[in-house]
Amino acid sequence: MRVRWLLLLIVTWSGQLWAGPDIQSWQTSKGARVLYVSAPELPMVDLRIVFDAGSARDVTPGVAYLTNALLEEGAGEWDADQIAERLDSVGSEMGASSHRDMAMVSIRSLTEKRALTTTIDTLAEVVGSPRFDGADLERNRKAVLVSLNHNEQSPGTVAKKAFMKALFREHPYATEVEGTKESMAGITRQQVIAHYQRYYVASNAVIAIVGAVNRLEAERLAERVTHRLEAGERAAELPMVSTLEAATKLAIPFPSSQSHILMGQPGIYRGDPDYFVLYVGNHILGGSGLVSLLSEEVREKRGLSYSVYSYFSPMRRNGPFLIGAQTQNAKAQEALDVMKQTLARFIEAGPSEEELTAAKQNITGGFPLRIASNSKILEYLAMLGFYDLPLDYLERFVDNINSVSREQVREAFQRRIQPENLITVVVGNGQKPAQSN
């Protein structure tokens with residue numbers, strides 16, 4: 001972990017700009033987009049390759065997740081143990097993950113020649129020549145089924161799945177990342193291979209590189225990790241997320257002492273023109289922990305919940321705007337009423353000048369720590385590249401936050417949030433929430 005960018009900061013409470021990392025971008029010979037930041041202080045390099053290959057691309061729910069999980073299980077001439085041994089021998093790390101929008105593989109390596117060569121060659125095989133052996137597929141299938149069974153015992157997970165299904169309905173985002181027990185049981189090797197061949201191609205990939213390599217070396221790394229990939233084509237555009245036409249209320253019985261409450265609606269997408277205004281507004285509403293309005297009303301004044309929160313989760317298409325809390329079963333309706341009332345008041349009146357100032361100071365004051373290491377910068381690079389955001393996004397972040405006004409927050413929440421059409425999910429002891437306005 002480093003704090004080198006902290007030395008470059010000239011952020012003050014009055015909102016001055018600061019010099020962000022110098023982000024360079026280009027395309028590989030096969031069409032993968034690359035974003036690169038030089039970080040010469042430590043002899044390390046972080047690299048992530050991101051594919052538009054998440055669960056939104058599933059034909060059968062769970063195929064994308066299983067495909068990504070199998071990449072490290074065998075590639076080229078190596079099985080999972082040999083891949084792990086190669087990386088361990090040079091002190092490198094590799095990880096893979098799959099989400100609704102994206103699937104990715106990341107590495108961290110020393111820049112010493114043998115270590116970096118071994119790591120990059122291994123990554124190139126993992127993403128370019130996976131084996132998808134039948135035995136590996138069955139072992140991972142069983143692991144996912146165990147995870148799905150475990151999720152059924154978690155009221156929070158039950159609530160989140162029900163919320164996302166009600167939110168996205170027929171949209172591809174409604175597909176659970178891990179699929180279902182039924183879909184996972186039926187996935188074939190041929191389906192995994194077909195998903196890989198369609199989406200794990202260079203034109204459908206973004207590469208983020210941060211570390212002690214120069215531009216020429218970064219170009220070579222990007223070419224190396226994609227040289228076994230087909231050029232292919234980008235994934236098709238996803239459909240838009242439909243707005244909600246009416247309120248939906250789901251009460252799901254669950255043998256727990258606490259009720260899990262979620263309510264929300266479709267929110268915003270990455271690059272949304274309202275992003276910064278809604279981000280600041282939500283920080284005041286429920287995104288700032290114990291000092292938020294929701295926490296003040298639900299926790300501090302009434303003691304209904306230890307934790308209450310809200311957030312926007314922007315995706316390629318509109319992701320969820322969600323408000324959540326846990327409370328005693330007997331207090332679920334009261335907590336829900338207070339959450340709705342607090343949201344309604346905020347939409348109607350917006351924030352006070354004092355609340356807005358405090359939110360801006362909190363966001364901009366904490367922003368340097370969010371890019372104070374190579375790994376954190378890598379996260380941002382991957383996000384910027386995948387969602388095609390401006391390269392000066394980090395440099396302009398503080399200015400964009402500080403330019404938000406009270407009226408902008410009020411107007412954006414009134415235009416984008418429809419409290420009469422919220423999805424409400426309560427998972428608890430079976431007590432259905434009474435009808436409330």
# chains A, B, ... in the order shown; residues from 1 in each chain; ligands from 1
>>> residues_around(residues="A:Val291", least_positions_apart="2", cutoff="12 Å", atoms="only C-alpha atoms", output="compact mmCIF listing (two decimals) with C-alpha atoms, in the first residue's frame")
# COMPACT_ATOMS: atom_id res chain seq x y z
CA HIS A 283 -24.40 10.64 1.06
CA ILE A 284 -26.64 12.92 3.10
CA LEU A 285 -29.65 10.62 2.97
CA GLY A 286 -28.08 7.31 3.93
CA GLY A 287 -24.59 6.92 2.52
CA SER A 288 -22.57 8.51 5.30
CA GLY A 289 -23.06 5.96 8.05
CA LEU A 293 -30.49 11.37 7.87
CA LEU A 294 -31.74 7.78 7.83
CA SER A 295 -29.45 6.86 10.70
CA GLU A 296 -30.57 9.89 12.67
CA GLU A 297 -34.27 9.07 12.25
CA VAL A 298 -34.21 5.27 12.43
CA ARG A 299 -31.32 4.58 14.80
CA GLU A 300 -30.61 7.63 16.93
CA SER A 307 -27.57 0.02 10.88
CA VAL A 308 -29.61 1.69 8.15
CA TYR A 309 -28.18 2.77 4.82
CA GLU A 355 -25.78 19.15 5.37
CA ALA A 358 -20.61 18.66 5.47
CA ALA A 359 -21.23 16.02 2.80
CA ASN A 362 -16.55 14.37 3.94
>>> residues_around(residues="stretch 42-50 of chain A", least_positions_apart="5", cutoff="6 Å", atoms="only C-alpha atoms", output="list in words")
Ala103, Met104, Val105, Ser106, Ile107, Arg108, Ser109, Leu110, Thr111, Ala205, Val206, Ile207, Ala208, Ile209, Val210, Gly211 and Ala212 of chain A
>>> residues_around(residues="stretch 193-202 of chain A", least_positions_apart="2", cutoff="9 Å", atoms="only C-alpha atoms", output="JSON list (two decimals) with N, CA and C atoms, in the first residue's frame")
[["chain", "number", "residue", "atom", "x", "y", "z"],
["A", 28, "THR", "N", -4.77, -2.67, -28.01],
["A", 28, "THR", "CA", -3.82, -3.69, -28.45],
["A", 28, "THR", "C", -4.08, -4.02, -29.92],
["A", 30, "LYS", "N", -5.14, -6.61, -31.16],
["A", 30, "LYS", "CA", -6.36, -7.38, -31.35],
["A", 30, "LYS", "C", -7.61, -6.65, -30.88],
["A", 31, "GLY", "N", -7.46, -5.41, -30.41],
["A", 31, "GLY", "CA", -8.63, -4.61, -30.13],
["A", 31, "GLY", "C", -9.01, -4.45, -28.67],
["A", 32, "ALA", "N", -8.19, -4.95, -27.75],
["A", 32, "ALA", "CA", -8.48, -4.74, -26.33],
["A", 32, "ALA", "C", -8.08, -3.32, -25.94],
["A", 33, "ARG", "N", -8.91, -2.66, -25.14],
["A", 33, "ARG", "CA", -8.57, -1.33, -24.67],
["A", 33, "ARG", "C", -7.69, -1.44, -23.43],
["A", 51, "PHE", "N", -13.66, -8.57, -18.86],
["A", 51, "PHE", "CA", -14.46, -8.93, -20.03],
["A", 51, "PHE", "C", -15.93, -8.58, -19.78],
["A", 52, "ASP", "N", -16.60, -8.14, -20.82],
["A", 52, "ASP", "CA", -18.05, -7.93, -20.75],
["A", 52, "ASP", "C", -18.69, -9.32, -20.85],
["A", 53, "ALA", "N", -18.61, -10.05, -19.74],
["A", 53, "ALA", "CA", -18.96, -11.47, -19.75],
["A", 53, "ALA", "C", -19.61, -11.89, -18.44],
["A", 57, "ARG", "N", -24.98, -11.74, -19.49],
["A", 57, "ARG", "CA", -24.78, -12.42, -20.78],
["A", 57, "ARG", "C", -25.18, -13.89, -20.73],
["A", 58, "ASP", "N", -25.71, -14.32, -19.61],
["A", 58, "ASP", "CA", -26.07, -15.73, -19.47],
["A", 58, "ASP", "C", -27.22, -16.13, -20.38],
["A", 59, "VAL", "N", -27.08, -17.29, -21.00],
["A", 59, "VAL", "CA", -28.20, -17.96, -21.65],
["A", 59, "VAL", "C", -28.88, -18.85, -20.62],
["A", 63, "VAL", "N", -23.91, -19.79, -15.98],
["A", 63, "VAL", "CA", -22.85, -20.17, -16.92],
["A", 63, "VAL", "C", -21.68, -19.19, -16.85],
["A", 64, "ALA", "N", -21.96, -17.90, -16.80],
["A", 64, "ALA", "CA", -20.89, -16.91, -16.74],
["A", 64, "ALA", "C", -20.05, -17.10, -15.48],
["A", 67, "THR", "N", -17.97, -20.33, -15.81],
["A", 67, "THR", "CA", -16.89, -20.14, -16.78],
["A", 67, "THR", "C", -15.71, -19.42, -16.15],
["A", 68, "ASN", "N", -15.99, -18.32, -15.46],
["A", 68, "ASN", "CA", -14.92, -17.56, -14.83],
["A", 68, "ASN", "C", -14.22, -18.35, -13.75],
["A", 127, "VAL", "N", -6.39, -17.02, -19.42],
["A", 127, "VAL", "CA", -7.47, -16.36, -20.15],
["A", 127, "VAL", "C", -7.54, -16.81, -21.60],
["A", 128, "GLY", "N", -6.42, -17.34, -22.13],
["A", 128, "GLY", "CA", -6.38, -17.66, -23.55],
["A", 128, "GLY", "C", -6.52, -19.12, -23.90],
["A", 132, "PHE", "N", -11.25, -26.27, -19.17],
["A", 132, "PHE", "CA", -12.63, -26.61, -18.84],
["A", 132, "PHE", "C", -12.83, -28.13, -18.74],
["A", 188, "THR", "N", -23.85, -27.51, -18.94],
["A", 188, "THR", "CA", -22.97, -28.45, -19.61],
["A", 188, "THR", "C", -21.64, -27.81, -19.96],
["A", 189, "ARG", "N", -20.67, -28.64, -20.21],
["A", 189, "ARG", "CA", -19.35, -28.15, -20.64],
["A", 189, "ARG", "C", -19.47, -27.38, -21.95],
["A", 190, "GLN", "N", -20.34, -27.83, -22.83],
["A", 190, "GLN", "CA", -20.51, -27.15, -24.11],
["A", 190, "GLN", "C", -21.03, -25.73, -23.92],
["A", 191, "GLN", "N", -21.90, -25.52, -22.93],
["A", 191, "GLN", "CA", -22.40, -24.18, -22.65],
["A", 191, "GLN", "C", -21.29, -23.27, -22.13],
["A", 204, "ASN", "N", -13.67, -7.55, -26.62],
["A", 204, "ASN", "CA", -14.64, -7.46, -25.53],
["A", 204, "ASN", "C", -13.94, -7.30, -24.19],
["A", 205, "ALA", "N", -12.67, -6.86, -24.23],
["A", 205, "ALA", "CA", -11.84, -6.81, -23.01],
["A", 205, "ALA", "C", -11.28, -5.42, -22.78],
["A", 206, "VAL", "N", -11.08, -5.12, -21.50],
["A", 206, "VAL", "CA", -10.36, -3.92, -21.06],
["A", 206, "VAL", "C", -9.24, -4.38, -20.14],
["A", 226, "THR", "N", -3.01, -10.93, -24.18],
["A", 226, "THR", "CA", -4.11, -11.11, -25.13],
["A", 226, "THR", "C", -3.71, -11.89, -26.38],
["A", 227, "HIS", "N", -2.46, -12.35, -26.45],
["A", 227, "HIS", "CA", -2.02, -12.93, -27.73],
["A", 227, "HIS", "C", -2.70, -14.24, -28.06],
["A", 229, "LEU", "N", -5.92, -14.82, -27.28],
["A", 229, "LEU", "CA", -7.35, -14.55, -27.45],
["A", 229, "LEU", "C", -7.68, -14.32, -28.92],
["A", 230, "GLU", "N", -8.88, -14.72, -29.30],
["A", 230, "GLU", "CA", -9.41, -14.32, -30.60],
["A", 230, "GLU", "C", -9.73, -12.83, -30.55],
["A", 231, "ALA", "N", -9.66, -12.18, -31.71],
["A", 231, "ALA", "CA", -10.01, -10.76, -31.74],
["A", 231, "ALA", "C", -11.49, -10.59, -31.40],
["A", 232, "GLY", "N", -12.34, -11.34, -32.03],
["A", 232, "GLY", "CA", -13.76, -11.36, -31.71],
["A", 232, "GLY", "C", -14.47, -10.03, -31.88],
["A", 233, "GLU", "N", -15.63, -9.94, -31.26],
["A", 233, "GLU", "CA", -16.45, -8.73, -31.32],
["A", 233, "GLU", "C", -16.93, -8.36, -29.93],
["A", 234, "ARG", "N", -17.24, -7.09, -29.74],
["A", 234, "ARG", "CA", -17.80, -6.64, -28.48],
["A", 234, "ARG", "C", -19.18, -7.26, -28.26],
["A", 235, "ALA", "N", -19.53, -7.40, -27.01],
["A", 235, "ALA", "CA", -20.86, -7.90, -26.68],
["A", 235, "ALA", "C", -21.92, -6.90, -27.14]]
>>> closest_residue(among="A:Val90, A:Gln265, A:Val425, A:Val241", to="A:Glu112", atoms="only C-alpha atoms")
A:Val90
>>> select_by_dssp(residues="stretch 98-292 of chain A", states="strand (DSSP E or B)", output="PyMOL selection string")
chain A and resi 98+103-110+130+205-211+248-253+258-266+269
>>> write_last_selection(atoms="C-alpha atoms", output="short mmCIF file (atom, residue, chain, number, x, y, z; two decimals), in the first residue's frame")
data_model
loop_
_atom_site.label_atom_id
_atom_site.label_comp_id
_atom_site.auth_asym_id
_atom_site.auth_seq_id
_atom_site.Cartn_x
_atom_site.Cartn_y
_atom_site.Cartn_z
CA SER A 98 -17.68 -12.60 -11.97
CA ALA A 103 -15.95 -11.00 -15.38
CA MET A 104 -12.28 -10.41 -14.59
CA VAL A 105 -8.90 -11.90 -13.82
CA SER A 106 -6.23 -9.97 -11.91
CA ILE A 107 -2.57 -10.50 -11.11
CA ARG A 108 0.00 -8.86 -8.87
CA SER A 109 3.67 -9.50 -9.52
CA LEU A 110 7.12 -8.22 -8.77
CA PRO A 130 -8.53 -22.66 -20.43
CA ALA A 205 -11.84 -6.81 -23.01
CA VAL A 206 -10.36 -3.92 -21.06
CA ILE A 207 -6.88 -4.16 -19.52
CA ALA A 208 -5.83 -2.02 -16.55
CA ILE A 209 -2.13 -1.78 -15.65
CA VAL A 210 -0.57 0.04 -12.68
CA GLY A 211 3.02 -0.33 -11.60
CA THR A 248 -44.43 -3.90 -5.14
CA LYS A 249 -44.50 -5.33 -1.62
CA LEU A 250 -43.06 -8.73 -0.74
CA ALA A 251 -43.24 -10.26 2.74
CA ILE A 252 -41.15 -13.43 2.95
CA PRO A 253 -41.43 -15.60 6.08
CA GLN A 258 -34.59 -9.84 12.94
CA SER A 259 -36.39 -8.66 9.85
CA HIS A 260 -34.35 -7.55 6.85
CA ILE A 261 -35.91 -4.61 5.02
CA LEU A 262 -34.97 -3.52 1.52
CA MET A 263 -36.73 -0.94 -0.59
CA GLY A 264 -35.79 0.84 -3.76
CA GLN A 265 -36.11 1.16 -7.51
CA PRO A 266 -33.92 1.37 -10.63
CA TYR A 269 -25.95 3.99 -14.84
#
>>> select_by_dssp(residues="stretch 67-134 of chain A", states="alpha helix (DSSP H)", output="JSON, numbers by chain")
{"A": [67, 68, 69, 70, 80, 81, 82, 83, 84, 85, 86, 87, 88, 89, 113, 114, 115, 116, 117, 118, 119, 120, 121, 122, 123, 124, 125, 126, 127, 128, 134]}
>>> closest_residue(among="A:Val192, A:Ala135, A:Ile371, A:Ala75", to="A:Asp121", atoms="only C-alpha atoms")
A:Ala75
>>> closest_residue(among="A:Ser55, A:Thr175, A:Thr122, A:Thr157", to="A:Asp88", atoms="only C-alpha atoms")
A:Thr122
>>> residues_around(residues="A:Glu411", least_positions_apart="3", cutoff="12 Å", atoms="only C-alpha atoms", output="ChimeraX atom specification")
/A:274,277-278,281,346-351,404-408,414-417
>>> write_last_selection(atoms="C-alpha atoms", output="mmCIF file, in the first residue's frame")
data_model
loop_
_atom_site.group_PDB
_atom_site.id
_atom_site.type_symbol
_atom_site.label_atom_id
_atom_site.label_comp_id
_atom_site.auth_asym_id
_atom_site.auth_seq_id
_atom_site.Cartn_x
_atom_site.Cartn_y
_atom_site.Cartn_z
ATOM 1 C CA ASP A 274 -27.048 12.931 -12.604
ATOM 2 C CA VAL A 277 -25.634 15.137 -7.810
ATOM 3 C CA LEU A 278 -27.319 11.911 -6.688
ATOM 4 C CA GLY A 281 -27.523 13.649 -2.117
ATOM 5 C CA PHE A 346 -35.689 14.487 1.595
ATOM 6 C CA ILE A 347 -37.224 14.337 -1.879
ATOM 7 C CA GLU A 348 -39.565 17.175 -1.002
ATOM 8 C CA ALA A 349 -37.145 19.534 0.749
ATOM 9 C CA GLY A 350 -33.670 18.433 -0.298
ATOM 10 C CA PRO A 351 -30.663 18.962 1.977
ATOM 11 C CA VAL A 404 -23.264 20.296 -6.617
ATOM 12 C CA SER A 405 -25.927 22.661 -5.281
ATOM 13 C CA ARG A 406 -28.873 22.130 -2.928
ATOM 14 C CA GLU A 407 -31.358 22.784 -5.699
ATOM 15 C CA GLN A 408 -29.648 20.281 -7.996
ATOM 16 C CA GLN A 414 -37.666 14.595 -7.343
ATOM 17 C CA ARG A 415 -37.098 13.688 -10.982
ATOM 18 C CA ARG A 416 -35.398 10.324 -10.498
ATOM 19 C CA ILE A 417 -36.983 8.797 -7.362
#
>>> closest_residue(among="A:Glu353, A:Phe397, A:Tyr380, A:Ser256", to="A:Arg410", atoms="only C-alpha atoms")
A:Glu353
>>> closest_residue(among="A:Arg100, A:Leu148, A:Pro61, A:Ala124", to="A:Gly179", atoms="only C-alpha atoms")
A:Pro61
>>> closest_residue(among="A:Ala159, A:Val34, A:Ile187, A:Val126", to="A:Lys142", atoms="only C-alpha atoms")
A:Ile187
>>> decode(residues="stretch 204-216 of chain A", atoms="N, CA and C atoms", output="mmCIF file, in the first residue's frame")
data_model
loop_
_atom_site.group_PDB
_atom_site.id
_atom_site.type_symbol
_atom_site.label_atom_id
_atom_site.label_comp_id
_atom_site.auth_asym_id
_atom_site.auth_seq_id
_atom_site.Cartn_x
_atom_site.Cartn_y
_atom_site.Cartn_z
ATOM 1 N N ASN A 204 -13.669 -7.546 -26.624
ATOM 2 C CA ASN A 204 -14.636 -7.458 -25.529
ATOM 3 C C ASN A 204 -13.935 -7.299 -24.186
ATOM 4 N N ALA A 205 -12.672 -6.864 -24.228
ATOM 5 C CA ALA A 205 -11.844 -6.810 -23.014
ATOM 6 C C ALA A 205 -11.278 -5.416 -22.777
ATOM 7 N N VAL A 206 -11.077 -5.121 -21.503
ATOM 8 C CA VAL A 206 -10.357 -3.921 -21.062
ATOM 9 C C VAL A 206 -9.236 -4.376 -20.145
ATOM 10 N N ILE A 207 -8.046 -3.812 -20.340
ATOM 11 C CA ILE A 207 -6.880 -4.164 -19.521
ATOM 12 C C ILE A 207 -6.458 -2.934 -18.730
ATOM 13 N N ALA A 208 -6.331 -3.085 -17.425
ATOM 14 C CA ALA A 208 -5.835 -2.016 -16.554
ATOM 15 C C ALA A 208 -4.462 -2.424 -16.030
ATOM 16 N N ILE A 209 -3.501 -1.504 -16.094
ATOM 17 C CA ILE A 209 -2.128 -1.781 -15.649
ATOM 18 C C ILE A 209 -1.654 -0.632 -14.781
ATOM 19 N N VAL A 210 -1.157 -0.946 -13.587
ATOM 20 C CA VAL A 210 -0.575 0.043 -12.680
ATOM 21 C C VAL A 210 0.698 -0.542 -12.113
ATOM 22 N N GLY A 211 1.811 0.196 -12.212
ATOM 23 C CA GLY A 211 3.016 -0.334 -11.598
ATOM 24 C C GLY A 211 4.297 0.239 -12.166
ATOM 25 N N ALA A 212 5.399 -0.382 -11.756
ATOM 26 C CA ALA A 212 6.735 0.106 -12.096
ATOM 27 C C ALA A 212 7.193 -0.442 -13.439
ATOM 28 N N VAL A 213 6.386 -0.140 -14.456
ATOM 29 C CA VAL A 213 6.756 -0.460 -15.837
ATOM 30 C C VAL A 213 6.525 0.793 -16.665
ATOM 31 N N ASN A 214 7.358 1.012 -17.680
ATOM 32 C CA ASN A 214 7.160 2.181 -18.527
ATOM 33 C C ASN A 214 6.129 1.878 -19.607
ATOM 34 N N ARG A 215 5.814 2.868 -20.413
ATOM 35 C CA ARG A 215 4.754 2.714 -21.420
ATOM 36 C C ARG A 215 5.065 1.565 -22.378
ATOM 37 N N LEU A 216 6.291 1.473 -22.853
ATOM 38 C CA LEU A 216 6.645 0.409 -23.790
ATOM 39 C C LEU A 216 6.488 -0.960 -23.143
#
